[in-house]
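Dumped model-v8.cif below, it's mmCIF, C-alpha atoms:
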```
data_model
#
loop_
_atom_site.label_atom_id
_atom_site.label_comp_id
_atom_site.auth_asym_id
_atom_site.auth_seq_id
_atom_site.Cartn_x
_atom_site.Cartn_y
_atom_site.Cartn_z
CA MET U 15 17.15 -10.97 -19.04
CA SER U 16 15.54 -7.74 -17.90
CA ARG U 17 15.24 -6.84 -14.24
CA PHE U 18 11.81 -6.30 -12.75
CA LEU U 19 10.81 -2.63 -12.47
CA ASP U 20 12.05 -0.64 -9.47
CA PRO U 21 9.38 0.12 -6.88
CA SER U 22 7.60 3.40 -7.38
CA PRO U 23 7.36 6.03 -4.65
CA ALA U 24 3.69 5.04 -4.29
CA ASP U 25 4.70 1.40 -3.62
CA LEU U 26 6.97 2.53 -0.80
CA VAL U 27 4.47 5.01 0.65
CA MET U 28 1.68 2.41 0.75
CA ARG U 29 3.88 -0.10 2.55
CA GLU U 30 5.21 2.47 5.04
CA ALA U 31 1.76 3.91 5.78
CA GLU U 32 0.47 0.48 6.71
CA ARG U 33 3.54 -0.24 8.84
CA LEU U 34 2.94 2.97 10.82
CA ALA U 35 -0.83 2.51 11.19
CA GLU U 36 -2.00 2.11 14.76
CA HIS U 37 -5.41 0.51 14.08
CA PRO U 38 -5.83 -2.96 12.54
CA ASP U 39 -8.43 -1.68 10.06
CA ALA U 40 -5.96 0.90 8.71
CA ASN U 41 -4.34 -1.41 6.22
CA ALA U 42 -3.59 -1.21 2.52
CA THR U 43 -5.43 -4.35 1.48
CA VAL U 44 -7.54 -4.11 -1.70
CA GLY U 45 -9.48 -6.78 -3.51
CA ALA U 46 -12.72 -8.08 -4.93
CA VAL U 47 -15.28 -10.82 -4.36
CA LEU U 48 -16.60 -12.93 -7.23
CA HIS U 49 -20.00 -14.49 -6.47
CA LEU U 50 -20.42 -17.64 -8.58
CA THR U 51 -23.06 -20.32 -9.09
CA GLY U 52 -22.40 -24.03 -9.26
CA ALA U 53 -20.63 -26.65 -7.21
CA VAL U 54 -17.94 -25.53 -4.79
CA PRO U 55 -14.54 -26.34 -6.38
CA ASP U 56 -12.02 -28.38 -4.47
CA LEU U 57 -8.97 -26.49 -3.20
CA ALA U 58 -6.47 -28.72 -5.04
CA GLY U 59 -8.15 -27.96 -8.37
CA LEU U 60 -8.36 -24.25 -7.61
CA ARG U 61 -4.68 -24.18 -6.62
CA GLY U 62 -3.69 -26.03 -9.79
CA HIS U 63 -5.72 -23.60 -11.89
CA VAL U 64 -3.95 -20.58 -10.34
CA ILE U 65 -0.50 -22.20 -10.63
CA ALA U 66 -1.11 -22.68 -14.36
CA ARG U 67 -1.68 -18.93 -14.77
CA LEU U 68 1.06 -17.52 -12.51
CA ALA U 69 3.70 -17.18 -15.25
CA GLY U 70 1.80 -14.26 -16.79
CA LEU U 71 1.24 -12.46 -13.50
CA PRO U 72 4.50 -11.14 -12.01
CA CYS U 73 2.52 -9.17 -9.41
CA LEU U 74 1.77 -12.57 -7.82
CA THR U 75 5.36 -13.82 -7.85
CA HIS U 76 7.36 -10.88 -6.47
CA VAL U 77 7.86 -9.33 -3.06
CA LEU U 78 9.05 -5.84 -2.12
CA THR U 79 12.29 -6.03 -0.11
CA GLY U 80 14.43 -3.31 1.44
CA ASP U 81 13.62 0.30 2.19
CA GLY U 82 14.00 3.63 0.42
CA PRO U 83 16.45 3.69 -2.51
CA LYS U 84 17.52 0.09 -1.73
CA ALA U 85 13.97 -1.29 -2.13
CA ARG U 86 13.56 -3.83 -4.93
CA TRP U 87 10.95 -6.22 -6.24
CA MET U 88 12.41 -9.71 -5.89
CA PRO U 89 11.09 -13.04 -7.20
CA ALA U 90 9.35 -15.18 -4.58
CA VAL U 91 7.57 -18.49 -4.99
CA PRO U 92 4.03 -18.38 -3.62
CA ASP U 93 3.03 -21.12 -1.17
CA MET U 94 -0.31 -22.28 -2.56
CA ALA U 95 -1.44 -23.67 0.81
CA ARG U 96 -0.95 -20.19 2.29
CA HIS U 97 -2.15 -18.17 -0.70
CA ILE U 98 -5.27 -20.20 -1.59
CA ARG U 99 -7.50 -21.34 1.25
CA GLY U 100 -11.09 -22.24 1.91
CA HIS U 101 -13.36 -20.66 4.52
CA GLN U 102 -16.82 -21.90 5.40
CA VAL U 103 -19.31 -19.07 5.84
CA ALA U 104 -22.53 -19.19 7.85
CA SER U 105 -25.78 -18.84 5.92
CA GLU U 106 -26.95 -15.72 7.80
CA PRO U 107 -27.45 -12.68 5.54
CA LYS U 108 -24.54 -10.64 6.99
CA ALA U 109 -22.12 -13.58 7.36
CA PRO U 110 -20.25 -13.12 4.05
CA GLU U 111 -19.49 -9.46 4.79
CA ALA U 112 -18.45 -10.27 8.37
CA THR U 113 -16.17 -13.03 7.08
CA VAL U 114 -14.50 -10.70 4.58
CA ARG U 115 -13.96 -8.09 7.32
CA LEU U 116 -12.34 -10.73 9.53
CA ILE U 117 -10.07 -11.95 6.71
CA LEU U 118 -9.05 -8.35 5.91
CA ARG U 119 -7.36 -8.20 9.33
CA THR U 120 -5.10 -11.17 8.56
CA PRO U 121 -1.55 -9.81 8.22
CA TRP U 122 0.60 -10.54 5.18
CA ALA U 123 3.31 -13.15 5.67
CA GLU U 124 6.90 -11.84 5.63
CA GLY U 125 8.84 -12.71 2.48
CA ALA U 126 5.80 -14.00 0.58
CA PRO U 127 3.96 -12.28 -2.28
CA ALA U 128 1.13 -10.15 -0.84
CA TRP U 129 -1.98 -11.76 -2.28
CA ARG U 130 -4.47 -14.46 -1.39
CA VAL U 131 -7.54 -16.16 -2.79
CA ILE U 132 -10.10 -17.43 -0.30
CA LEU U 133 -12.82 -19.80 -1.42
CA LEU U 134 -15.93 -18.79 0.54
CA TYR U 135 -18.61 -21.45 0.71
CA GLY U 136 -21.71 -22.45 2.68
CA HIS U 137 -23.45 -19.08 2.62
CA VAL U 138 -25.64 -19.91 -0.41
CA PRO U 139 -27.03 -23.29 -1.44
CA ASP U 140 -26.23 -22.91 -5.14
CA GLY U 141 -22.78 -21.36 -5.30
CA PHE U 142 -19.72 -19.92 -3.65
CA ALA U 143 -17.51 -16.86 -3.78
CA LEU U 144 -13.86 -16.21 -4.49
CA LEU U 145 -12.32 -13.45 -2.40
CA TYR U 146 -9.16 -12.04 -3.94
CA LEU U 147 -7.02 -9.78 -1.76
CA THR U 148 -3.71 -8.07 -2.37
CA HIS U 149 -1.62 -5.28 -0.92
CA HIS U 150 -2.11 -1.85 -2.51
CA ALA U 151 1.67 -1.53 -2.98
CA VAL U 152 1.39 -4.48 -5.40
CA GLN U 153 -1.85 -3.66 -7.23
CA ASP U 154 -4.44 -0.92 -7.44
CA GLY U 155 -8.17 -1.39 -7.97
CA ALA U 156 -8.02 -1.51 -11.77
CA ASN U 157 -5.18 -4.01 -11.66
CA VAL U 158 -7.21 -6.21 -9.28
CA VAL U 159 -9.88 -6.50 -11.98
CA THR U 160 -7.25 -7.41 -14.59
CA VAL U 161 -5.66 -10.04 -12.32
CA MET U 162 -9.09 -11.57 -11.59
CA GLU U 163 -9.78 -11.79 -15.31
CA ALA U 164 -6.36 -13.32 -15.99
CA LEU U 165 -6.92 -15.89 -13.26
CA PHE U 166 -10.55 -16.83 -13.74
CA TRP U 167 -11.89 -15.84 -17.17
CA PRO U 168 -10.99 -18.32 -19.90
CA GLY U 169 -9.14 -17.26 -23.02
CA LEU U 170 -8.96 -13.48 -22.69
CA LEU U 171 -6.17 -11.76 -24.56
CA PRO U 172 -4.47 -8.85 -22.76
CA GLU U 173 -6.22 -6.29 -24.96
CA GLN U 174 -9.60 -7.76 -23.91
CA PHE U 175 -9.10 -7.17 -20.17
CA SER U 176 -11.53 -4.69 -18.62
CA ALA U 177 -10.74 -1.32 -17.24
CA LEU U 178 -12.20 -0.73 -13.81
CA SER U 179 -15.99 -0.72 -14.24
CA ARG U 180 -18.28 1.69 -12.48
CA GLY U 181 -22.02 1.31 -12.10
CA VAL U 182 -22.07 -2.35 -13.12
CA PRO U 183 -25.71 -3.44 -13.27
CA SER U 184 -26.80 -6.13 -10.82
CA THR U 185 -27.01 -9.42 -12.69
CA SER U 186 -27.10 -13.05 -11.72
CA ARG U 187 -23.85 -14.72 -10.68
CA PRO U 188 -21.91 -16.31 -13.55
CA ALA U 189 -20.94 -19.96 -13.47
CA CYS U 190 -17.30 -20.77 -12.76
CA ALA U 191 -15.16 -21.53 -15.80
CA LYS U 192 -14.54 -25.24 -16.34
CA PRO U 193 -10.93 -25.36 -14.99
CA CYS U 194 -12.03 -24.54 -11.44
CA ALA U 195 -15.23 -26.59 -11.39
CA ALA U 196 -15.48 -29.45 -8.94
CA PRO U 197 -14.31 -32.81 -10.37
#
```

Please rewrite the model in this file as structure tokens.
Amino acid sequence: MSRFLDPSPADLVMREAERLAEHPDANATVGAVLHLTGAVPDLAGLRGHVIARLAGLPCLTHVLTGDGPKARWMPAVPDMARHIRGHQVASEPKAPEATVRLILRTPWAEGAPAWRVILLYGHVPDGFALLYLTHHAVQDGANVVTVMEALFWPGLLPEQFSALSRGVPSTSRPACAKPCAAP
């Protein structure tokens, strides 16, 4: 059995920079929002869908422990009630952005993998959004896209995952894949 990779210097720098930051907005949280059409999925179904895909995503099942040369990535079981939550959003035009800004200030739990999925609903009559957040020591922007695809796009093989896209044209919101649709 092979050991998980040692943390890189960048992993340690990102974690330490956030620890030393004096302002709550100076954090190392990165993520993405998926805007989807269709019925709002129930949290139990969404949690079950993510659990079914965790085995292929070690970045969601490890936590960085220790400091300096003693730092290691260690296995940790995510608590789905903590990692996947719902949040009702007001229907005002700026409410989704304000909600995301508020959630960005939520600190990461000690000893738990640094990621979360928040089901945002109520801001549009015909859909919802999935906010995925993680700590930059765990994933960078391109990896966030890959994790989102692994979690929510059906049947992609690893070689089909996207690289980070720039200048994506504005299109309508896609429908959620069947596994996370409301029952």

To verify the selection step, state as a PyMOL selection string which residues the PyMOL selection byres ((chain U and resi 98-102) around 10) yields on this input.
chain U and resi 55-58+60-61+64+92-97+103-105+110+113+117+129-137+142+144-146

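For the set U:Leu48, U:Ala42, U:Leu78, U:Ala24, the residue with the smallest atom-to-atom gap to U:Thr148 is U:Ala42, counting only C-alpha atoms.
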
Counting all atoms listed in the file, figure out which residue out of U:Trp122, U:Glu106, U:Ala156, U:His63 gets nearest to U:Arg33.
U:Trp122

Considering all atoms listed in the file, return as a PyMOL selection string whatever protein or nucleic-acid residues lie within 12 Å of U:Arg115, sequence-local ones (same chain, fewer than 4 positions apart) excluded.
chain U and resi 38-39+41+43-45+108-111+119-120+145+147

In terms of all atoms listed in the file, the residue from U:Asp25, U:Glu32, U:Asp140, U:Glu124 at minimal distance from U:Val152 is U:Asp25

Among listed residues U:Leu50, U:Ile65, U:Cys73, U:Leu19, nearest U:Asp154 (using only C-alpha atoms):
U:Cys73

In Å, rounded to a single decimal, give me how far atom CA of U:Arg29 is from atom CA of U:Asp81.
9.8 Å

Residue IDs satisfying the PyMOL selection byres ((chain U and resi 70) around 12), as a VMD selection string:
chain U and resid 64 to 69 71 to 75 160 to 161 163 to 165 171 to 172

For U:Met162, which residue out of U:Val54, U:Ala46, U:Ala90, U:Leu118 is the nearest one, using all atoms listed in the file?
U:Ala46

Expand the PyMOL selection byres ((chain U and resi 125) around 8) into the individual residues it matches in the shown file, reporting them as a compact mmCIF listing (two decimals) with C-alpha atoms, in the coordinates of the input.
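Contents of out.txt, as written:
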```txt
# COMPACT_ATOMS: atom_id res chain seq x y z
CA VAL U 77 7.86 -9.33 -3.06
CA THR U 79 12.29 -6.03 -0.11
CA ALA U 90 9.35 -15.18 -4.58
CA ALA U 123 3.31 -13.15 5.67
CA GLU U 124 6.90 -11.84 5.63
CA ALA U 126 5.80 -14.00 0.58
CA PRO U 127 3.96 -12.28 -2.28
```

One number please: atom CA of U:Pro83 to atom CA of U:Leu26, in Å, one decimal.
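Distance between the two atoms: 9.7 Å.
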
Kindly compute an axis-aligned box around the listed atoms of stretch 32-43 of chain U, allowing 3 Å on each side, and express its centre and edge lengths in Å to one decimal as JSON.
```
{"center_x": -2.4, "center_y": -0.7, "center_z": 8.1, "size_x": 18.0, "size_y": 13.3, "size_z": 19.3}
```

In terms of the shortest atom-to-atom distance over all atoms listed in the file, which of U:Pro23, U:Met28, U:Trp87, U:Gly59 is closest to U:His149?
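Among the listed residues, U:Met28 lies closest to U:His149.
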
If you measure from atom CA of U:Arg86 to atom CA of U:Leu34, what distance in Å do you get, rounded to one decimal?
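Those two atoms sit 20.2 Å apart.
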